[in-house]
>>> print(open('data_20.pdb').read())   # PDB, C-alpha atoms and all ligand atoms
ATOM      1  CA  MET A   1      19.668 -14.979  33.395
ATOM      2  CA  SER A   2      16.227 -16.421  33.720
ATOM      3  CA  THR A   3      15.665 -15.691  37.402
ATOM      4  CA  ASP A   4      17.112 -12.197  37.765
ATOM      5  CA  LEU A   5      13.911 -10.450  38.823
ATOM      6  CA  PRO A   6      13.849  -9.734  42.550
ATOM      7  CA  ALA A   7      11.091 -11.512  44.404
ATOM      8  CA  PRO A   8       8.899  -9.230  46.516
ATOM      9  CA  ASP A   9       7.958 -11.920  49.008
ATOM     10  CA  GLY A  10      10.104 -14.957  49.535
ATOM     11  CA  PRO A  11      12.524 -16.655  47.184
ATOM     12  CA  SER A  12      11.906 -16.693  43.430
ATOM     13  CA  GLU A  13      10.813 -19.885  41.753
ATOM     14  CA  PRO A  14      12.113 -20.624  38.276
ATOM     15  CA  VAL A  15       9.479 -21.599  35.712
ATOM     16  CA  VAL A  16       9.562 -25.333  35.212
ATOM     17  CA  GLN A  17       8.013 -26.778  32.083
ATOM     18  CA  SER A  18       7.962 -30.451  31.191
ATOM     19  CA  VAL A  19       8.763 -31.621  27.650
ATOM     20  CA  ALA A  20       5.234 -33.007  27.236
ATOM     21  CA  GLY A  21       3.777 -29.718  28.515
ATOM     22  CA  TRP A  22       5.813 -27.749  25.987
ATOM     23  CA  ARG A  23       4.671 -30.006  23.169
ATOM     24  CA  ALA A  24       1.016 -29.464  24.094
ATOM     25  CA  GLU A  25       1.536 -25.708  24.293
ATOM     26  CA  ARG A  26       3.162 -25.674  20.863
ATOM     27  CA  VAL A  27       0.334 -27.717  19.347
ATOM     28  CA  ARG A  28      -2.197 -25.234  20.721
ATOM     29  CA  ILE A  29      -0.192 -22.279  19.346
ATOM     30  CA  PHE A  30       0.034 -24.076  15.995
ATOM     31  CA  TRP A  31      -3.773 -24.357  15.792
ATOM     32  CA  ILE A  32      -4.256 -20.707  16.749
ATOM     33  CA  TRP A  33      -1.681 -19.798  14.070
ATOM     34  CA  LEU A  34      -3.483 -21.914  11.468
ATOM     35  CA  VAL A  35      -6.890 -20.354  12.197
ATOM     36  CA  LEU A  36      -5.464 -16.812  12.239
ATOM     37  CA  THR A  37      -3.596 -17.484   8.968
ATOM     38  CA  GLY A  38      -6.843 -18.656   7.352
ATOM     39  CA  LEU A  39      -8.717 -15.556   8.573
ATOM     40  CA  LEU A  40      -5.956 -13.225   7.398
ATOM     41  CA  VAL A  41      -5.753 -14.901   3.968
ATOM     42  CA  VAL A  42      -9.526 -14.505   3.523
ATOM     43  CA  PHE A  43      -9.217 -10.856   4.637
ATOM     44  CA  SER A  44      -6.267 -10.314   2.249
ATOM     45  CA  LEU A  45      -8.157 -11.768  -0.700
ATOM     46  CA  THR A  46     -11.274  -9.690  -0.124
ATOM     47  CA  VAL A  47     -10.551  -6.352   1.589
ATOM     48  CA  PRO A  48      -7.310  -4.446   0.723
ATOM     49  CA  ALA A  49      -7.753  -4.408  -3.067
ATOM     50  CA  ARG A  50     -11.350  -3.153  -2.767
ATOM     51  CA  LEU A  51     -10.650  -0.184  -0.519
ATOM     52  CA  MET A  52     -10.054   2.194  -3.423
ATOM     53  CA  GLY A  53     -12.922   1.195  -5.691
ATOM     54  CA  PRO A  54     -12.959  -0.673  -9.005
ATOM     55  CA  PRO A  55      -9.754  -0.178 -11.042
ATOM     56  CA  ALA A  56      -9.796   2.332 -13.911
ATOM     57  CA  SER A  57      -6.418   1.445 -15.469
ATOM     58  CA  PRO A  58      -4.095  -1.537 -15.967
ATOM     59  CA  THR A  59      -1.803   0.151 -13.421
ATOM     60  CA  MET A  60      -4.516  -0.091 -10.770
ATOM     61  CA  HIS A  61      -5.063  -3.769 -11.646
ATOM     62  CA  SER A  62      -1.340  -4.333 -10.995
ATOM     63  CA  VAL A  63      -1.443  -2.303  -7.782
ATOM     64  CA  GLU A  64      -4.425  -4.286  -6.505
ATOM     65  CA  SER A  65      -2.970  -7.688  -7.370
ATOM     66  CA  THR A  66       0.275  -6.656  -5.656
ATOM     67  CA  MET A  67      -1.599  -5.497  -2.554
ATOM     68  CA  THR A  68      -3.498  -8.794  -2.453
ATOM     69  CA  LEU A  69      -0.402 -10.929  -2.998
ATOM     70  CA  PHE A  70       1.714  -9.066  -0.425
ATOM     71  CA  SER A  71      -1.101  -9.272   2.127
ATOM     72  CA  VAL A  72      -1.443 -13.028   1.557
ATOM     73  CA  ALA A  73       2.337 -13.509   1.795
ATOM     74  CA  ALA A  74       2.422 -11.551   5.063
ATOM     75  CA  SER A  75      -0.528 -13.460   6.576
ATOM     76  CA  PRO A  76       1.339 -16.497   8.016
ATOM     77  CA  VAL A  77       4.061 -14.251   9.454
ATOM     78  CA  ALA A  78       1.599 -11.841  11.059
ATOM     79  CA  ALA A  79      -0.479 -14.795  12.301
ATOM     80  CA  LEU A  80       2.585 -16.344  13.979
ATOM     81  CA  VAL A  81       3.341 -13.129  15.894
ATOM     82  CA  TRP A  82      -0.326 -12.705  16.866
ATOM     83  CA  ALA A  83      -0.725 -16.378  17.862
ATOM     84  CA  ILE A  84       2.269 -16.283  20.201
ATOM     85  CA  ALA A  85       1.283 -12.868  21.586
ATOM     86  CA  LEU A  86      -2.338 -13.925  22.169
ATOM     87  CA  TYR A  87      -1.357 -17.243  23.732
ATOM     88  CA  SER A  88       1.201 -15.544  25.960
ATOM     89  CA  LEU A  89      -1.344 -12.973  27.098
ATOM     90  CA  LEU A  90      -4.007 -15.558  27.890
ATOM     91  CA  ARG A  91      -2.127 -18.667  29.013
ATOM     92  CA  TRP A  92       1.111 -17.322  30.434
ATOM     93  CA  ARG A  93      -0.354 -14.297  32.180
ATOM     94  CA  SER A  94       1.330 -13.707  35.499
ATOM     95  CA  LYS A  95      -0.966 -13.648  38.500
ATOM     96  CA  GLY A  96       0.074 -10.721  40.615
ATOM     97  CA  ARG A  97       3.642  -9.511  40.539
ATOM     98  CA  PRO A  98       5.980 -11.849  38.635
ATOM     99  CA  THR A  99       8.502 -13.639  40.785
ATOM    100  CA  ALA A 100      10.618 -15.105  38.003
ATOM    101  CA  ASP A 101      11.557 -14.409  34.419
ATOM    102  CA  GLY A 102      10.345 -16.810  31.748
ATOM    103  CA  PRO A 103      12.720 -19.282  30.143
ATOM    104  CA  ALA A 104      14.911 -17.712  27.469
ATOM    105  CA  ILE A 105      14.987 -19.224  23.991
ATOM    106  CA  ARG A 106      18.591 -19.341  22.866
ATOM    107  CA  GLY A 107      20.685 -21.490  20.612
ATOM    108  CA  HIS A 108      17.724 -23.159  18.878
ATOM    109  CA  ALA A 109      19.364 -23.723  15.489
ATOM    110  CA  ALA A 110      16.227 -24.992  13.694
ATOM    111  CA  THR A 111      14.232 -21.878  14.659
ATOM    112  CA  THR A 112      17.049 -19.556  13.633
ATOM    113  CA  VAL A 113      17.490 -21.266  10.255
ATOM    114  CA  ALA A 114      13.736 -21.418   9.567
ATOM    115  CA  TRP A 115      13.335 -17.722  10.437
ATOM    116  CA  ALA A 116      16.295 -16.638   8.260
ATOM    117  CA  VAL A 117      15.314 -18.821   5.278
ATOM    118  CA  THR A 118      11.623 -17.779   5.396
ATOM    119  CA  SER A 119      12.505 -14.074   5.658
ATOM    120  CA  THR A 120      15.015 -14.315   2.792
ATOM    121  CA  VAL A 121      12.645 -16.210   0.489
ATOM    122  CA  LEU A 122       9.820 -13.736   1.213
ATOM    123  CA  CYS A 123      12.027 -10.665   0.681
ATOM    124  CA  VAL A 124      13.515 -11.955  -2.591
ATOM    125  CA  PHE A 125      10.074 -12.941  -3.899
ATOM    126  CA  LEU A 126       8.550  -9.545  -3.049
ATOM    127  CA  LEU A 127      11.538  -7.727  -4.594
ATOM    128  CA  VAL A 128      11.335  -9.674  -7.874
ATOM    129  CA  TRP A 129       7.548  -9.321  -8.079
ATOM    130  CA  GLY A 130       7.739  -5.589  -7.288
ATOM    131  CA  MET A 131      10.374  -4.934  -9.955
ATOM    132  CA  ALA A 132       8.420  -6.880 -12.588
ATOM    133  CA  GLU A 133       5.258  -4.903 -11.735
ATOM    134  CA  MET A 134       7.165  -1.604 -11.987
ATOM    135  CA  ILE A 135       8.219  -2.473 -15.544
ATOM    136  CA  VAL A 136       4.591  -3.249 -16.428
ATOM    137  CA  ILE A 137       3.124  -0.065 -14.941
ATOM    138  CA  ASN A 138       5.763   2.189 -16.544
ATOM    139  CA  SER A 139       4.963   0.929 -20.046
ATOM    140  CA  PRO A 140       2.397   3.710 -20.964
ATOM    141  CA  ALA A 141       5.281   6.234 -20.738
ATOM    142  CA  GLU A 142       6.999   4.532 -23.680
ATOM    143  CA  ALA A 143       3.886   4.428 -25.848
ATOM    144  CA  ASN A 144       3.562   6.297 -29.146
ATOM    145  CA  ALA A 145       1.723   9.629 -29.202
ATOM    146  CA  PRO A 146       0.741   9.848 -25.560
ATOM    147  CA  LEU A 147      -1.454  12.723 -24.421
ATOM    148  CA  VAL A 148       0.595  15.168 -22.342
ATOM    149  CA  VAL A 149      -1.162  16.877 -19.443
ATOM    150  CA  ASP A 150       0.556  19.521 -17.310
ATOM    151  CA  VAL A 151      -0.576  19.251 -13.698
ATOM    152  CA  THR A 152      -0.003  22.130 -11.273
ATOM    153  CA  GLY A 153      -0.718  21.905  -7.577
ATOM    154  CA  GLN A 154      -1.128  24.936  -5.318
ATOM    155  CA  GLN A 155      -2.805  25.511  -1.975
ATOM    156  CA  TRP A 156      -5.409  24.073  -2.397
ATOM    157  CA  VAL A 157      -6.394  23.367  -5.986
ATOM    158  CA  TRP A 158      -5.211  21.371  -8.988
ATOM    159  CA  THR A 159      -4.951  22.917 -12.471
ATOM    160  CA  PHE A 160      -4.664  20.817 -15.622
ATOM    161  CA  SER A 161      -3.479  22.145 -18.969
ATOM    162  CA  TYR A 162      -3.092  20.471 -22.342
ATOM    163  CA  PRO A 163      -0.037  21.997 -24.092
ATOM    164  CA  SER A 164      -0.538  20.247 -27.452
ATOM    165  CA  GLN A 165      -4.259  20.996 -27.579
ATOM    166  CA  GLY A 166      -4.113  24.793 -27.525
ATOM    167  CA  ASN A 167      -3.208  25.088 -23.823
ATOM    168  CA  VAL A 168      -6.744  24.367 -22.688
ATOM    169  CA  GLU A 169      -6.879  24.823 -18.915
ATOM    170  CA  SER A 170      -9.277  23.242 -16.442
ATOM    171  CA  ASP A 171      -9.694  22.557 -12.739
ATOM    172  CA  GLN A 172     -11.190  19.156 -13.616
ATOM    173  CA  LEU A 173      -9.156  16.483 -15.354
ATOM    174  CA  TYR A 174     -10.562  15.254 -18.691
ATOM    175  CA  LEU A 175      -9.005  12.232 -20.392
ATOM    176  CA  PRO A 176      -9.926  10.149 -23.441
ATOM    177  CA  VAL A 177     -10.363   6.447 -22.733
ATOM    178  CA  ASP A 178      -7.745   3.920 -23.949
ATOM    179  CA  ARG A 179      -5.080   6.511 -24.801
ATOM    180  CA  PRO A 180      -1.826   6.639 -22.831
ATOM    181  CA  VAL A 181      -1.343   9.834 -20.836
ATOM    182  CA  ILE A 182       1.830  11.387 -19.459
ATOM    183  CA  PHE A 183       1.431  13.850 -16.606
ATOM    184  CA  HIS A 184       4.058  16.556 -16.097
ATOM    185  CA  VAL A 185       3.530  17.481 -12.477
ATOM    186  CA  THR A 186       4.731  20.551 -10.579
ATOM    187  CA  SER A 187       3.710  22.887  -7.769
ATOM    188  CA  LYS A 188       3.456  26.675  -7.319
ATOM    189  CA  ASP A 189       4.065  26.731  -3.575
ATOM    190  CA  VAL A 190       4.663  23.744  -1.280
ATOM    191  CA  ILE A 191       5.023  20.009  -1.894
ATOM    192  CA  HIS A 192       1.776  18.323  -2.908
ATOM    193  CA  SER A 193       1.164  14.830  -4.233
ATOM    194  CA  PHE A 194      -0.904  14.182  -7.343
ATOM    195  CA  TRP A 195      -2.998  11.077  -6.788
ATOM    196  CA  VAL A 196      -5.603   9.642  -9.177
ATOM    197  CA  VAL A 197      -7.051   7.106  -6.788
ATOM    198  CA  GLN A 198      -8.759   4.518  -9.019
ATOM    199  CA  MET A 199      -5.982   4.698 -11.624
ATOM    200  CA  GLY A 200      -3.310   3.764  -9.095
ATOM    201  CA  ILE A 201      -0.919   6.638  -9.833
ATOM    202  CA  LYS A 202       0.577   8.997  -7.277
ATOM    203  CA  ILE A 203       3.570  11.306  -7.612
ATOM    204  CA  ASP A 204       4.966  14.289  -5.715
ATOM    205  CA  ALA A 205       4.335  17.800  -7.042
ATOM    206  CA  ASN A 206       7.460  19.780  -6.122
ATOM    207  CA  PRO A 207       7.897  23.560  -6.530
ATOM    208  CA  GLY A 208      10.481  24.348  -9.232
ATOM    209  CA  GLU A 209      10.668  20.740 -10.448
ATOM    210  CA  THR A 210       8.691  18.616 -12.894
ATOM    211  CA  THR A 211       7.954  15.006 -12.053
ATOM    212  CA  LYS A 212       6.378  12.616 -14.520
ATOM    213  CA  THR A 213       4.003   9.725 -14.279
ATOM    214  CA  SER A 214       1.912   7.933 -16.858
ATOM    215  CA  VAL A 215      -1.226   5.864 -17.094
ATOM    216  CA  MET A 216      -3.649   4.348 -19.573
ATOM    217  CA  PRO A 217      -7.243   5.060 -18.471
ATOM    218  CA  ASP A 218      -9.281   2.062 -19.624
ATOM    219  CA  LYS A 219     -12.674   2.771 -18.123
ATOM    220  CA  ILE A 220     -15.192   5.548 -18.843
ATOM    221  CA  GLY A 221     -16.380   7.246 -15.662
ATOM    222  CA  VAL A 222     -15.663   9.850 -13.014
ATOM    223  CA  PHE A 223     -12.783   9.173 -10.638
ATOM    224  CA  ASP A 224     -11.097  10.861  -7.669
ATOM    225  CA  VAL A 225      -8.097  13.165  -7.853
ATOM    226  CA  ARG A 226      -6.636  13.970  -4.466
ATOM    227  CA  CYS A 227      -3.629  15.517  -2.833
ATOM    228  CA  ALA A 228      -1.721  12.850  -0.915
ATOM    229  CA  GLU A 229       0.802  15.094   0.847
ATOM    230  CA  LEU A 230      -0.116  17.209   3.879
ATOM    231  CA  CYS A 231       0.143  20.714   2.356
ATOM    232  CA  GLY A 232      -1.537  23.068   4.791
ATOM    233  CA  LEU A 233      -4.828  23.872   6.471
ATOM    234  CA  ARG A 234      -7.188  22.839   3.658
ATOM    235  CA  HIS A 235      -5.166  19.876   2.351
ATOM    236  CA  ALA A 236      -8.127  17.536   2.906
ATOM    237  CA  GLU A 237     -10.226  19.643   0.509
ATOM    238  CA  MET A 238      -7.620  19.584  -2.259
ATOM    239  CA  GLN A 239      -9.497  17.211  -4.488
ATOM    240  CA  THR A 240     -11.224  17.224  -7.842
ATOM    241  CA  SER A 241     -12.552  14.791 -10.452
ATOM    242  CA  ALA A 242     -11.024  12.902 -13.352
ATOM    243  CA  HIS A 243     -13.537  12.434 -16.170
ATOM    244  CA  VAL A 244     -12.631   9.625 -18.544
ATOM    245  CA  VAL A 245     -14.681  10.020 -21.717
ATOM    246  CA  SER A 246     -14.754   8.652 -25.258
ATOM    247  CA  ALA A 247     -12.299  10.119 -27.801
ATOM    248  CA  SER A 248     -15.085  12.067 -29.556
ATOM    249  CA  ASP A 249     -16.423  13.467 -26.248
ATOM    250  CA  PHE A 250     -12.876  14.488 -25.349
ATOM    251  CA  ASN A 251     -12.470  16.330 -28.660
ATOM    252  CA  SER A 252     -15.804  18.133 -28.146
ATOM    253  CA  TRP A 253     -14.717  19.141 -24.639
ATOM    254  CA  LEU A 254     -11.455  20.516 -26.050
ATOM    255  CA  SER A 255     -13.206  22.572 -28.734
ATOM    256  CA  GLN A 256     -15.806  23.869 -26.219
ATOM    257  CA  ASN A 257     -12.910  25.186 -24.172
ATOM    258  CA  GLY A 258     -11.090  26.865 -27.046
ATOM    259  CA  GLY A 259      -8.692  24.075 -27.856
ATOM    260  CA  HIS A 260      -8.209  21.564 -30.641
ATOM    261  CA  SER A 261      -7.589  17.830 -30.850
TER
HETATM  262 CU    CU B   1      -2.229  18.381   0.150
END
>>> encode(input="data_20.pdb", output="structure tokens")
Amino acid sequence: MSTDLPAPDGPSEPVVQSVAGWRAERVRIFWIWLVLTGLLVVFSLTVPARLMGPPASPTMHSVESTMTLFSVAASPVAALVWAIALYSLLRWRSKGRPTADGPAIRGHAATTVAWAVTSTVLCVFLLVWGMAEMIVINSPAEANAPLVVDVTGQQWVWTFSYPSQGNVESDQLYLPVDRPVIFHVTSKDVIHSFWVVQMGIKIDANPGETTKTSVMPDKIGVFDVRCAELCGLRHAEMQTSAHVVSASDFNSWLSQNGGHS
């Protein structure tokens, strides 16, 4: 199996590797793996969670800690693949046309067991963590007296209306701080996706259907609302702002727009 490639000139020579040589190679790969793991862990702890700006809800805190944790958990696995790939590219590069196949790794029980056990432990851990986080981020939906906001997507704008506040309608989202909100999301034409970036919520807007998502805005400020589903030519421009204001400012905004609190 290992010497099946036809040799262009002369007989093929099987790769011969001494036990001591293999050990040295593995030690070098181990060090590359260790350094890459360290770099990836530092990257995981600093970059992914900051890409979307400071969190504006407990949901976003959960999303960011999950992104960080999953990136850290994936670091040693990614580093192992990269270390072997890099080492193979640099050290085991074939000069000219290869005359023999490399040695196959088969029947190495320890490697098989380690790979299966590591993958299983990682998958179970990520599953349990993910399910626990889902329970946490769904909790605003069960809160008392949440604010209901109807969200309608259409090419290429968002419209927000407040059914219990006199059906006030706006193309900007206004929310009072520290009050749970439930969004009833739908679409007038094609599938869109309602995404409030810094609040960590995103849900499809489907024509003829209503989907629901909830959040508790906990920070006053202006945040990004985007469409996260390719919905036509001007999809990239389908964005607006979410203004999180104090309860009294929210009530003034409602009355200025013909509504009531
Ligand atoms: Cu879109």
>>> closest_residue(input="data_20.pdb", among="A:Ala236, A:Val151, A:Leu89, A:Cys231", to="A:Val190", atoms="all atoms listed in the file")
A:Cys231
>>> residues_near_ligand(input="data_20.pdb", ligand="ligand CU 1 (chain B)", cutoff="9 Å", atoms="only C-alpha atoms and all ligand atoms", output="list of chain:residue names")
A:Gly153, A:Gln154, A:Gln155, A:Trp156, A:Val157, A:Val190, A:Ile191, A:His192, A:Ser193, A:Phe194, A:Arg226, A:Cys227, A:Ala228, A:Glu229, A:Leu230, A:Cys231, A:Gly232, A:Leu233, A:Arg234, A:His235, A:Ala236, A:Glu237, A:Met238, A:Gln239
>>> write_last_selection(input="data_20.pdb", atoms="C-alpha atoms", output="compact mmCIF listing (two decimals), in the frame of the given file")
# COMPACT_ATOMS: atom_id res chain seq x y z
CA GLY A 153 -0.72 21.90 -7.58
CA GLN A 154 -1.13 24.94 -5.32
CA GLN A 155 -2.80 25.51 -1.98
CA TRP A 156 -5.41 24.07 -2.40
CA VAL A 157 -6.39 23.37 -5.99
CA VAL A 190 4.66 23.74 -1.28
CA ILE A 191 5.02 20.01 -1.89
CA HIS A 192 1.78 18.32 -2.91
CA SER A 193 1.16 14.83 -4.23
CA PHE A 194 -0.90 14.18 -7.34
CA ARG A 226 -6.64 13.97 -4.47
CA CYS A 227 -3.63 15.52 -2.83
CA ALA A 228 -1.72 12.85 -0.92
CA GLU A 229 0.80 15.09 0.85
CA LEU A 230 -0.12 17.21 3.88
CA CYS A 231 0.14 20.71 2.36
CA GLY A 232 -1.54 23.07 4.79
CA LEU A 233 -4.83 23.87 6.47
CA ARG A 234 -7.19 22.84 3.66
CA HIS A 235 -5.17 19.88 2.35
CA ALA A 236 -8.13 17.54 2.91
CA GLU A 237 -10.23 19.64 0.51
CA MET A 238 -7.62 19.58 -2.26
CA GLN A 239 -9.50 17.21 -4.49
>>> closest_residue(input="data_20.pdb", among="A:Ile203, A:Met60, A:Val215, A:Val121", to="A:Asn138", atoms="all atoms listed in the file")
A:Val215
>>> closest_residue(input="data_20.pdb", among="A:Ser170, A:Phe250, A:Cys123, A:Glu133", to="A:Ser65", atoms="all atoms listed in the file")
A:Glu133
>>> resolve_selection(input="data_20.pdb", expression="the PyMOL selection byres (((chain A and resi 129) around 12) and not hetatm)", output="PDB file with C-alpha atoms, in the frame of the given file")
ATOM      1  CA  SER A  62      -1.340  -4.333 -10.995  1.00  0.00           C
ATOM      2  CA  VAL A  63      -1.443  -2.303  -7.782  1.00  0.00           C
ATOM      3  CA  SER A  65      -2.970  -7.688  -7.370  1.00  0.00           C
ATOM      4  CA  THR A  66       0.275  -6.656  -5.656  1.00  0.00           C
ATOM      5  CA  MET A  67      -1.599  -5.497  -2.554  1.00  0.00           C
ATOM      6  CA  LEU A  69      -0.402 -10.929  -2.998  1.00  0.00           C
ATOM      7  CA  PHE A  70       1.714  -9.066  -0.425  1.00  0.00           C
ATOM      8  CA  ALA A  73       2.337 -13.509   1.795  1.00  0.00           C
ATOM      9  CA  LEU A 122       9.820 -13.736   1.213  1.00  0.00           C
ATOM     10  CA  CYS A 123      12.027 -10.665   0.681  1.00  0.00           C
ATOM     11  CA  VAL A 124      13.515 -11.955  -2.591  1.00  0.00           C
ATOM     12  CA  PHE A 125      10.074 -12.941  -3.899  1.00  0.00           C
ATOM     13  CA  LEU A 126       8.550  -9.545  -3.049  1.00  0.00           C
ATOM     14  CA  LEU A 127      11.538  -7.727  -4.594  1.00  0.00           C
ATOM     15  CA  VAL A 128      11.335  -9.674  -7.874  1.00  0.00           C
ATOM     16  CA  GLY A 130       7.739  -5.589  -7.288  1.00  0.00           C
ATOM     17  CA  MET A 131      10.374  -4.934  -9.955  1.00  0.00           C
ATOM     18  CA  ALA A 132       8.420  -6.880 -12.588  1.00  0.00           C
ATOM     19  CA  GLU A 133       5.258  -4.903 -11.735  1.00  0.00           C
ATOM     20  CA  MET A 134       7.165  -1.604 -11.987  1.00  0.00           C
ATOM     21  CA  ILE A 135       8.219  -2.473 -15.544  1.00  0.00           C
ATOM     22  CA  VAL A 136       4.591  -3.249 -16.428  1.00  0.00           C
TER      23      VAL A 136
END
>>> decode(input="data_20.pdb", residues="stretch 179-195 of chain A", atoms="N, CA and C atoms", output="short mmCIF file (atom, residue, chain, number, x, y, z; two decimals), in the first residue's frame")
data_model
loop_
_atom_site.label_atom_id
_atom_site.label_comp_id
_atom_site.auth_asym_id
_atom_site.auth_seq_id
_atom_site.Cartn_x
_atom_site.Cartn_y
_atom_site.Cartn_z
N ARG A 179 -36.19 46.60 30.66
CA ARG A 179 -37.54 45.99 30.61
C ARG A 179 -37.51 44.90 29.54
N PRO A 180 -37.98 43.68 29.90
CA PRO A 180 -37.94 42.62 28.89
C PRO A 180 -38.82 42.94 27.68
N VAL A 181 -38.33 42.56 26.52
CA VAL A 181 -39.04 42.84 25.27
C VAL A 181 -39.26 41.54 24.52
N ILE A 182 -40.46 41.38 23.95
CA ILE A 182 -40.69 40.24 23.06
C ILE A 182 -40.95 40.80 21.66
N PHE A 183 -40.20 40.31 20.69
CA PHE A 183 -40.39 40.74 19.31
C PHE A 183 -41.22 39.69 18.58
N HIS A 184 -42.29 40.16 17.91
CA HIS A 184 -43.06 39.29 17.02
C HIS A 184 -42.63 39.66 15.60
N VAL A 185 -41.95 38.75 14.94
CA VAL A 185 -41.24 39.11 13.72
C VAL A 185 -41.89 38.45 12.50
N THR A 186 -42.11 39.25 11.45
CA THR A 186 -42.65 38.68 10.21
C THR A 186 -42.09 39.46 9.02
N SER A 187 -42.50 39.04 7.81
CA SER A 187 -42.00 39.69 6.61
C SER A 187 -43.15 39.91 5.63
N LYS A 188 -43.02 40.95 4.78
CA LYS A 188 -44.07 41.22 3.78
C LYS A 188 -43.75 40.57 2.45
N ASP A 189 -42.48 40.19 2.24
CA ASP A 189 -42.13 39.67 0.91
C ASP A 189 -41.27 38.41 0.97
N VAL A 190 -39.98 38.55 1.15
CA VAL A 190 -39.09 37.39 1.14
C VAL A 190 -38.58 37.13 2.56
N ILE A 191 -37.74 36.12 2.72
CA ILE A 191 -37.20 35.83 4.05
C ILE A 191 -36.10 36.84 4.38
N HIS A 192 -36.25 37.48 5.53
CA HIS A 192 -35.21 38.35 6.07
C HIS A 192 -34.78 37.75 7.41
N SER A 193 -33.82 38.39 8.06
CA SER A 193 -33.45 37.94 9.40
C SER A 193 -33.22 39.16 10.28
N PHE A 194 -33.99 39.24 11.35
CA PHE A 194 -33.94 40.38 12.26
C PHE A 194 -32.80 40.16 13.25
N TRP A 195 -31.83 41.08 13.19
CA TRP A 195 -30.62 40.91 14.00
C TRP A 195 -30.31 42.22 14.73
#
